[in-house]
Each structure stands twice: as structure tokens, then as C-alpha cells.
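Trainee: Have a peek at target37.txt (compact mmCIF, C-alpha atoms).
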# COMPACT_ATOMS: atom_id res chain seq x y z
CA MET A 1 0.00 0.00 0.00
CA SER A 2 1.32 3.44 -0.95
CA VAL A 3 1.97 6.21 1.55
CA GLN A 4 -0.99 8.17 0.17
CA SER A 5 -3.34 5.20 0.38
CA ALA A 6 -2.18 4.51 3.90
CA GLY A 7 -2.84 8.09 4.81
CA ARG A 8 -6.27 8.15 3.25
CA TRP A 9 -7.49 4.98 4.85
CA GLY A 10 -5.14 4.75 7.83
CA LEU A 11 -7.79 5.25 10.47
CA VAL A 12 -10.88 4.32 8.49
CA ALA A 13 -9.76 0.88 7.35
CA GLN A 14 -8.86 -0.20 10.87
CA PHE A 15 -12.16 0.68 12.45
CA PRO A 16 -15.19 -1.47 11.68
CA ALA A 17 -14.67 -4.66 13.70
CA PRO A 18 -12.42 -3.28 16.47
CA LEU A 19 -14.59 -0.17 16.71
CA ILE A 20 -17.76 -2.19 17.20
CA ALA A 21 -16.04 -4.40 19.76
CA ARG A 22 -14.77 -1.44 21.78
CA PHE A 23 -18.14 0.30 21.56
CA ALA A 24 -19.94 -2.89 22.69
CA ARG A 25 -17.80 -3.03 25.84
CA ASN A 26 -19.31 0.30 26.92
CA LYS A 27 -22.62 -0.85 28.37
CA LEU A 28 -23.89 2.70 28.91
CA ALA A 29 -23.26 3.55 25.26
CA VAL A 30 -24.98 0.37 24.08
CA GLY A 31 -27.92 1.19 26.33
CA GLY A 32 -28.03 4.70 24.88
CA LEU A 33 -28.05 3.33 21.34
CA LEU A 34 -30.89 0.99 22.27
CA VAL A 35 -32.89 3.89 23.75
CA VAL A 36 -32.37 5.94 20.58
CA ALA A 37 -33.47 3.02 18.41
CA LEU A 38 -36.58 2.43 20.54
CA PHE A 39 -37.58 6.09 20.37
CA LEU A 40 -37.09 6.14 16.59
CA LEU A 41 -39.40 3.12 16.31
CA PHE A 42 -41.85 4.65 18.78
CA CYS A 43 -42.08 7.98 16.94
CA PHE A 44 -41.87 6.87 13.31
CA VAL A 45 -43.43 3.40 13.35
CA GLY A 46 -45.69 3.79 16.39
CA PRO A 47 -48.29 6.03 14.68
CA THR A 48 -48.97 3.29 12.13
CA LEU A 49 -49.84 0.88 14.95
CA TYR A 50 -51.56 3.37 17.29
CA SER A 51 -53.47 5.68 14.98
CA THR A 52 -54.88 8.91 16.47
CA ASP A 53 -56.21 12.21 15.15
CA GLN A 54 -53.72 14.94 16.05
CA ILE A 55 -55.24 17.60 13.81
CA HIS A 56 -58.85 18.07 14.91
CA THR A 57 -59.99 18.89 18.44
CA ASP A 58 -62.59 16.89 20.38
CA LEU A 59 -64.00 18.92 23.25
CA THR A 60 -65.95 15.91 24.54
CA GLN A 61 -62.67 14.13 25.35
CA VAL A 62 -60.67 16.83 27.11
CA ASN A 63 -58.33 16.16 30.06
CA LEU A 64 -59.25 12.49 30.42
CA ARG A 65 -57.12 10.41 32.74
CA PRO A 66 -55.10 7.46 31.35
CA SER A 67 -57.37 4.53 30.54
CA GLY A 68 -57.76 1.64 28.14
CA ALA A 69 -59.17 4.00 25.52
CA HIS A 70 -56.40 6.58 25.95
CA TRP A 71 -53.28 5.01 27.43
CA LEU A 72 -51.77 8.35 28.48
CA GLY A 73 -55.01 10.31 28.74
CA THR A 74 -55.95 13.34 26.65
CA ASP A 75 -54.95 17.00 26.64
CA ALA A 76 -56.94 20.24 26.94
CA VAL A 77 -58.35 19.99 23.39
CA GLY A 78 -59.03 16.25 23.33
CA HIS A 79 -55.89 14.99 21.60
CA ASP A 80 -54.75 11.52 22.63
CA GLU A 81 -51.58 12.15 24.64
CA LEU A 82 -49.76 8.96 23.64
CA GLY A 83 -50.36 9.70 19.98
CA ARG A 84 -49.25 13.28 20.54
CA LEU A 85 -46.08 12.04 22.21
CA MET A 86 -45.31 10.08 19.04
CA TYR A 87 -46.27 12.99 16.80
CA GLY A 88 -44.24 15.51 18.80
CA GLY A 89 -41.31 13.12 19.09
CA LYS A 90 -41.20 12.74 15.32
CA VAL A 91 -40.77 16.52 14.99
CA SER A 92 -38.19 16.74 17.80
CA LEU A 93 -36.10 13.85 16.48
CA LEU A 94 -36.37 14.92 12.84
CA VAL A 95 -35.32 18.49 13.64
CA GLY A 96 -32.59 17.34 16.02
CA LEU A 97 -31.08 14.80 13.63
CA ALA A 98 -31.26 17.03 10.56
CA ALA A 99 -29.99 20.13 12.36
CA GLY A 100 -27.17 18.15 13.98
CA VAL A 101 -26.05 16.76 10.64
CA LEU A 102 -26.30 20.18 8.97
CA ALA A 103 -24.30 21.85 11.75
CA THR A 104 -21.63 19.15 11.56
CA VAL A 105 -21.33 19.43 7.76
CA ILE A 106 -20.96 23.21 7.89
CA GLY A 107 -18.53 23.04 10.81
CA THR A 108 -16.49 20.29 9.14
CA LEU A 109 -16.07 22.24 5.91
CA TRP A 110 -15.27 25.50 7.72
CA GLY A 111 -12.83 23.96 10.19
CA SER A 112 -11.00 21.84 7.63
CA VAL A 113 -10.48 24.78 5.27
CA ALA A 114 -9.36 27.07 8.10
CA GLY A 115 -6.95 24.52 9.58
CA TYR A 116 -5.50 23.48 6.23
CA ALA A 117 -5.09 27.02 4.86
CA GLY A 118 -3.48 28.42 8.01
CA GLY A 119 -2.07 31.94 8.15
CA TRP A 120 -4.38 34.92 7.79
CA VAL A 121 -7.16 32.79 6.31
CA ASP A 122 -7.25 30.66 9.45
CA ALA A 123 -7.06 33.76 11.65
CA VAL A 124 -10.01 35.48 9.93
CA MET A 125 -12.18 32.36 9.79
CA MET A 126 -11.61 31.49 13.42
CA ARG A 127 -12.32 35.04 14.57
CA VAL A 128 -15.71 34.62 12.92
CA VAL A 129 -16.17 31.44 14.94
CA ASP A 130 -15.08 33.15 18.16
CA ALA A 131 -17.53 36.00 17.56
CA GLY A 132 -20.34 33.52 16.92
CA ILE A 133 -19.59 31.50 20.06
CA ALA A 134 -19.73 34.70 22.12
CA ILE A 135 -23.42 35.06 21.22
CA PRO A 136 -25.60 32.41 22.92
CA ALA A 137 -27.37 30.20 20.39
CA LEU A 138 -30.59 30.36 22.41
CA PHE A 139 -30.59 34.17 22.17
CA ILE A 140 -30.27 34.01 18.38
CA LEU A 141 -33.06 31.45 18.20
CA LEU A 142 -35.37 33.59 20.32
CA VAL A 143 -34.72 36.67 18.19
CA VAL A 144 -35.32 34.83 14.92
CA SER A 145 -38.39 33.05 16.28
CA ALA A 146 -39.83 36.36 17.47
CA ILE A 147 -39.41 37.85 13.98
CA THR A 148 -40.80 34.89 12.04
CA THR A 149 -42.73 31.71 12.74
CA PRO A 150 -40.49 28.85 11.63
CA GLY A 151 -41.84 25.53 10.49
CA VAL A 152 -39.86 22.31 10.64
CA PRO A 153 -37.57 23.21 7.68
CA GLY A 154 -37.01 26.66 9.15
CA LEU A 155 -36.07 25.26 12.55
CA ILE A 156 -33.64 22.83 10.95
CA LEU A 157 -31.97 25.62 8.99
CA ILE A 158 -31.81 28.03 11.93
CA LEU A 159 -30.45 25.41 14.34
CA GLY A 160 -27.89 24.25 11.80
CA LEU A 161 -26.68 27.80 11.22
CA VAL A 162 -26.24 28.56 14.93
CA SER A 163 -24.75 25.21 15.97
CA TRP A 164 -21.81 24.65 13.59
CA LEU A 165 -19.28 26.68 15.56
CA VAL A 166 -18.08 24.04 18.03
CA PRO A 167 -17.64 21.29 15.38
CA SER A 168 -15.62 23.71 13.27
CA ARG A 169 -13.13 24.23 16.10
CA LEU A 170 -12.80 20.50 16.70
CA VAL A 171 -12.22 19.72 13.03
CA ARG A 172 -9.77 22.61 12.68
CA ALA A 173 -7.69 21.24 15.55
CA GLU A 174 -7.67 17.81 13.93
CA THR A 175 -6.74 19.30 10.56
CA LEU A 176 -3.80 21.21 12.02
CA THR A 177 -2.38 17.88 13.19
CA LEU A 178 -3.12 15.91 10.03
CA LYS A 179 -1.83 18.39 7.46
CA SER A 180 1.75 17.87 8.66
CA ARG A 181 1.59 14.08 8.24
CA ASP A 182 3.87 12.44 5.66
CA TYR A 183 1.08 11.32 3.33
CA VAL A 184 -0.28 14.88 3.03
CA LEU A 185 3.19 16.35 2.51
CA THR A 186 3.90 13.70 -0.12
CA LEU A 187 0.70 14.52 -1.98
CA ARG A 188 1.58 18.20 -2.04
CA ALA A 189 5.15 17.44 -3.16
CA ILE A 190 3.94 15.55 -6.24
CA GLY A 191 1.57 18.34 -7.21
CA GLY A 192 -1.70 17.20 -5.60
CA SER A 193 -4.33 19.91 -5.14
CA HIS A 194 -5.43 21.37 -1.84
CA SER A 195 -8.99 20.13 -2.35
CA ARG A 196 -7.71 16.58 -2.93
CA ALA A 197 -5.63 16.75 0.24
CA ILE A 198 -8.68 17.79 2.23
CA THR A 199 -11.25 15.42 0.70
CA ARG A 200 -9.03 12.35 0.26
CA HIS A 201 -6.84 12.56 3.35
CA ILE A 202 -7.81 15.17 5.95
CA LEU A 203 -11.55 14.43 6.17
CA PRO A 204 -11.35 10.59 6.06
CA ASN A 205 -8.83 10.65 8.90
CA SER A 206 -10.98 13.10 10.86
CA VAL A 207 -13.97 10.76 10.76
CA SER A 208 -13.81 9.99 14.48
CA THR A 209 -13.97 13.67 15.44
CA ILE A 210 -16.75 14.32 12.93
CA VAL A 211 -18.92 11.38 14.02
CA VAL A 212 -18.60 12.16 17.72
CA ALA A 213 -19.27 15.87 17.13
CA ALA A 214 -22.40 14.99 15.12
CA THR A 215 -23.75 12.84 17.95
CA PHE A 216 -23.42 15.61 20.52
CA GLN A 217 -24.83 18.17 18.06
CA VAL A 218 -28.01 16.11 17.70
CA ALA A 219 -28.49 16.07 21.48
CA ASP A 220 -27.90 19.83 21.69
CA ALA A 221 -30.32 20.48 18.83
CA ILE A 222 -33.09 18.48 20.52
CA LEU A 223 -32.59 20.53 23.67
CA LEU A 224 -32.62 23.82 21.76
CA VAL A 225 -35.86 22.84 20.03
CA ALA A 226 -37.38 22.04 23.42
CA TYR A 227 -36.23 25.39 24.86
CA VAL A 228 -37.70 27.43 22.02
CA SER A 229 -40.95 25.46 21.88
CA TYR A 230 -41.34 25.66 25.64
CA LEU A 231 -41.33 29.45 25.28
CA GLY A 232 -44.02 29.20 22.60
CA LEU A 233 -41.75 30.13 19.68
CA GLY A 234 -41.33 26.74 18.03
CA VAL A 235 -43.55 24.96 15.52
CA GLN A 236 -47.13 26.16 15.69
CA PRO A 237 -50.33 24.16 16.26
CA PRO A 238 -51.58 21.72 15.16
CA SER A 239 -47.91 20.68 14.88
CA THR A 240 -46.04 20.19 18.11
CA ASP A 241 -42.87 18.76 19.64
CA TRP A 242 -41.90 17.63 23.09
CA GLY A 243 -41.02 21.16 24.23
CA GLY A 244 -44.38 22.44 23.04
CA MET A 245 -46.11 19.63 24.91
CA LEU A 246 -44.27 20.62 28.08
CA SER A 247 -45.34 24.22 27.65
CA ALA A 248 -48.97 23.24 27.02
CA GLY A 249 -49.09 20.91 30.00
CA LEU A 250 -47.31 23.08 32.57
CA THR A 251 -50.39 24.75 34.03
CA ALA A 252 -52.33 21.48 33.94
CA ALA A 253 -49.67 19.85 36.11
CA TYR A 254 -50.76 22.04 39.04
CA SER A 255 -54.23 20.53 38.67
CA GLY A 256 -52.89 17.01 39.02
CA ARG A 257 -52.89 16.16 35.30
CA TRP A 258 -49.36 14.74 35.44
CA TRP A 259 -49.76 12.82 32.17
CA LEU A 260 -49.51 16.09 30.24
CA ILE A 261 -46.02 16.93 31.45
CA VAL A 262 -44.24 13.82 32.75
CA PRO A 263 -44.13 11.79 29.47
CA PRO A 264 -42.67 14.55 27.24
CA GLY A 265 -40.27 15.59 29.99
CA LEU A 266 -39.00 12.04 30.43
CA ALA A 267 -38.76 11.61 26.65
CA ILE A 268 -36.50 14.68 26.32
CA ILE A 269 -34.30 13.58 29.21
CA LEU A 270 -33.96 10.00 27.98
CA VAL A 271 -33.22 10.89 24.36
CA VAL A 272 -30.69 13.61 25.17
CA CYS A 273 -28.92 11.40 27.73
CA ALA A 274 -28.97 8.50 25.23
CA PHE A 275 -27.34 10.55 22.46
CA ASN A 276 -24.72 11.85 24.91
CA ALA A 277 -24.00 8.28 26.06
CA VAL A 278 -23.61 7.16 22.43
CA GLY A 279 -21.29 10.11 21.81
CA ASP A 280 -19.16 9.20 24.83
CA GLY A 281 -19.03 5.58 23.69
CA LEU A 282 -18.00 6.52 20.16
CA ARG A 283 -15.33 8.87 21.47
CA ASP A 284 -13.85 6.12 23.62
CA ALA A 285 -14.11 3.57 20.80
CA PHE A 286 -12.37 5.86 18.30
CA ASP A 287 -9.61 6.70 20.78
CA VAL A 288 -6.65 4.70 19.47
CA ARG A 289 -4.85 5.25 22.75
CA GLY A 290 -7.42 3.00 24.36
CA ARG A 291 -6.36 -0.02 22.38
CA GLY A 292 -4.81 -2.76 24.40
What would the structure in this file look like if it were written as C-alpha cells?

Mentor:
Amino acid sequence: MSVQSAGRWGLVAQFPAPLIARFARNKLAVGGLLVVALFLLFCFVGPTLYSTDQIHTDLTQVNLRPSGAHWLGTDAVGHDELGRLMYGGKVSLLVGLAAGVLATVIGTLWGSVAGYAGGWVDAVMMRVVDAGIAIPALFILLVVSAITTPGVPGLILILGLVSWLVPSRLVRAETLTLKSRDYVLTLRAIGGSHSRAITRHILPNSVSTIVVAATFQVADAILLVAYVSYLGLGVQPPSTDWGGMLSAGLTAAYSGRWWLIVPPGLAIILVVCAFNAVGDGLRDAFDVRGRG
């Protein structure tokens, strides 16, 4: 195998079996992955098995306690709460996953270019990142949400555009290390382009950083969606997400209608903790220093 091929696939080719084995030894991470998988099935497959009307109101069925007819009761406008938990979870997970991936893609491209270019290009690009990090993402979301009413695509775009800063710094740091490796220097010496060095060598060998960053970005995006929706600035009715369900059920909780606030609250906690556990497990599995 040539030096360039070794550089391109050095980390990637070694991963699949050993990576899975190391990840499987982390019971918390495996449990987190199982929780994520169960929630994906619950939110995306569940509605086909437990069909409910989440569009129209039914004022004859308001605030019913959990029963055989409505396993988690109903809300203030007669929506079945279990069906709404699935419906809202689909929005939360879809926005979280898509926004996390978008943020990671933007951050990866920005950080790899900044780290590889170096010099004044790196300095200018990273000052932009520093300025963005200084402004809380939640503040930007609240301002944008107050100006316009975002739907699901709008939330994905907004979250992606405010969440790419941290991944860009991580990828930049990785790129600064990789660009001085022999296989990258050899490519440049034989006339290889900068874009080829980045796409064929830098990014494939940064896969561990990128994957772990994406996992944490998804968890952060789900939390941000919940924050904004809890304040009434997320997706608008009849659409909802778990944060919107929390907001709608808060006052009802004081009246003893716990089923309106406990299920969405637990769902947010479990999913966010599960994605963080998966991220921790992937980080440990990708860590070559952990190999025995």
C-alpha cells in the first residue's frame, strides 16, 4: 500500500470490527443506542400501529385520565396524549437529527479549510467562529423566532446555522495535526491539489472527530428545540414537539394532570442522555490510545 493510500485509509480501514467491539464493551453507550433506536421506532413506526387524530380537536374528550381507551389520557383539546407524544417526538427527532447533521457538515467544511489554509485565512475564519460563540445560540433562536414563525424546515436551517461553531473548532484542531503528516506532505510534493488533500486525506482521517461531534450536536439540537418550543416560539399548532407539549401541559400539572407533562419531559431527558451516552461511547471507541 502506498503512503498516500495509507494516509487516506489509515484510520478508516482499521475501524469497523475493532470499533464495534470497543463500543460494545461500553454498556452505557450500548444502552443509549438501544434507547435511541426504541424512540425512533416509537415515533416513526408507532403512529402506524396506534393511529390517532392529532389535527382536529374533540371537546368531549378533554383532560381524560389514562385509561384503556387513551393510554396516556388526553390534553386540553381532546388529543390523545400517547399519539401526541409520538407525533411531537417525530418533529423533535427529525429536527434534532437534521440540524445536527447540517451543523456538523458546515462546521467540518469550515474547520477543515481554516486549519489546512493556516495563516491569515485561518485567523479570519476562526475570529468569525469566536464571535459567533460569544453570542448564545438560544438568544439568536429567540430573536429569529420572534421575527418569524419557523416551520420544521425553518427550525432545521436556523439550528444548523447557529450550531456549527463548536464542530468547526474540533475539526480545525484535527486538521492542524493531520496536514503535517507524511502522506499529506507527499501529496503536495507531487503536485496534488489542496482540495484533494482535504477530501481524500484530511476528512477521512478526521472521521472519528466528525462522528462524535455529530452525535453531541443532535443532542444539543433536541434541547434547543425544546427550549424554544417551551417558550411558545417553536412549531405552531396543530404541529407540536416535546417542548411544546411541556409548555402546554405546565399549568395542567398544578391541577394534578401529570400525564400532560411527565411523558414529554421524560422523553426529552432519555433521548438527550442517550445521544450523549452514544457520543461518549464513540469517542472512547475511536480513541486509538485505548487499544490494548

Trainee: Which residue is closest to Val211 in chain A? Choose from A:Leu178, A:Leu233, A:Val184, A:Leu282 and count only C-alpha atoms.

Mentor: A:Leu282

Trainee: With range 44-51 of chain A as the partner and 8 Å as the cut-off, tabulate the residues of range 86-163 of chain A that qualify, each row holding the nearest pair of atoms and their distance in Å to one decimal, using all atoms listed in the file, sorted by chain and rising number, as JSON lines.

Mentor:
{"residue": "A:Met86", "atom": "CA", "partner": "A:Pro47", "partner_atom": "CA", "distance": 6.7}
{"residue": "A:Tyr87", "atom": "CA", "partner": "A:Pro47", "partner_atom": "CA", "distance": 7.6}
{"residue": "A:Lys90", "atom": "CA", "partner": "A:Phe44", "partner_atom": "CA", "distance": 6.2}

Trainee: Gly78 in chain A: which residues within 10 Å, counting only C-alpha atoms, same-chain residues fewer than 5 positions away excluded, as a list in words?

Mentor: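 Listed by chain and then number, they are Asp53, Gln54, His56, Thr57, Asp58, Leu59, Thr60, Gln61, Val62, Asn63, Leu64 and Gly73 of chain A.
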
Trainee: What is the distance between CA of Gly249 in chain A and CA of Leu82 in chain A, in Å to one decimal?

Mentor: 13.6 Å

Trainee: Mind giving me the straight-line distance from CA of Ile133 in chain A to CA of Ala226 in chain A in Å, one decimal?

Mentor: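 Separation between CA of Ile133 in chain A and CA of Ala226 in chain A: 20.4 Å.
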
Trainee: With 8 Å as the cut-off and all atoms listed in the file counted, what is the closest atom pair between each nearby residue of range 255-286 of chain A and range 22-27 of chain A? Distances in Å to one decimal, ordered by chain and number, as JSON lines.

Mentor:
{"residue": "A:Gly281", "atom": "CA", "partner": "A:Phe23", "partner_atom": "CA", "distance": 5.8}
{"residue": "A:Leu282", "atom": "CA", "partner": "A:Phe23", "partner_atom": "CA", "distance": 6.4}
{"residue": "A:Asp284", "atom": "CA", "partner": "A:Phe23", "partner_atom": "CA", "distance": 7.5}
{"residue": "A:Ala285", "atom": "CA", "partner": "A:Arg22", "partner_atom": "CA", "distance": 5.1}

Trainee: Name the closest residue to Gly151 in chain A among the candidates A:Leu28, A:Pro66, A:Cys43, A:Gly234; distances are taken between atoms, counting all atoms listed in the file.

Mentor: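 Counting all atoms listed in the file, the residue closest to Gly151 in chain A is A:Gly234.
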
Trainee: How many Å separate CA of Ala146 in chain A from CA of Pro237 in chain A?

Mentor: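 If I compute the distance from CA of Ala146 in chain A to CA of Pro237 in chain A, I get 16.1 Å.
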
Trainee: So that I can check the surroundings of Ala137 in chain A, please list as an MDAnalysis selection string every protein, DNA and RNA residue that reaches within 10 Å of it, counting only C-alpha atoms and ignoring chain neighbours fewer than 2 positions away.

Mentor: chainID A and resid 132:135 139:142 158:159 161:163 224

Trainee: Mind writing the picked residues with C-alpha atoms as a short mmCIF file (atom, residue, chain, number, x, y, z; two decimals), in the coordinates of the input?

Mentor:
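Below is the file that was written, again-v3.cif:
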data_model
loop_
_atom_site.label_atom_id
_atom_site.label_comp_id
_atom_site.auth_asym_id
_atom_site.auth_seq_id
_atom_site.Cartn_x
_atom_site.Cartn_y
_atom_site.Cartn_z
CA GLY A 132 -20.34 33.52 16.92
CA ILE A 133 -19.59 31.50 20.06
CA ALA A 134 -19.73 34.70 22.12
CA ILE A 135 -23.42 35.06 21.22
CA PHE A 139 -30.59 34.17 22.17
CA ILE A 140 -30.27 34.01 18.38
CA LEU A 141 -33.06 31.45 18.20
CA LEU A 142 -35.37 33.59 20.32
CA ILE A 158 -31.81 28.03 11.93
CA LEU A 159 -30.45 25.41 14.34
CA LEU A 161 -26.68 27.80 11.22
CA VAL A 162 -26.24 28.56 14.93
CA SER A 163 -24.75 25.21 15.97
CA LEU A 224 -32.62 23.82 21.76
#

Trainee: In terms of the shortest atom-to-atom distance over all atoms listed in the file, which of A:Trp259, A:Ile269, A:Gly191, A:Ile202 is closest to Ser67 in chain A?

Mentor: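 Of A:Trp259, A:Ile269, A:Gly191, A:Ile202, the one nearest Ser67 in chain A, counting all atoms listed in the file, is A:Trp259.
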
Trainee: Set the distance at 12 Å and use all atoms listed in the file: which residues neighbour Thr199 in chain A once local chain neighbours fewer than 2 positions away are removed? I'd like the list as a VMD selection string.

Mentor: chain A and resid 7 to 9 108 to 109 112 to 113 116 175 179 184 192 to 197 201 to 207

Trainee: Nearest residue to Ile261 in chain A out of A:Ala173, A:Val95, A:Leu72, A:Ala131, using all atoms listed in the file?

Mentor: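 Counting all atoms listed in the file, the residue closest to Ile261 in chain A is A:Leu72.
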
Trainee: Distance cut-off 12 Å, centre (-36.3, 9.8, 29.2) in file coordinates, counting all atoms listed in the file: which residues qualify? Return them as an MDAnalysis selection string.

Mentor: chainID A and resid 32 35:36 38:39 89 242 262:275

Trainee: For Tyr227 in chain A, which residue among A:Met245, A:Val128, A:Leu41, A:Leu102 is the nearest when counting only C-alpha atoms?

Mentor: A:Met245
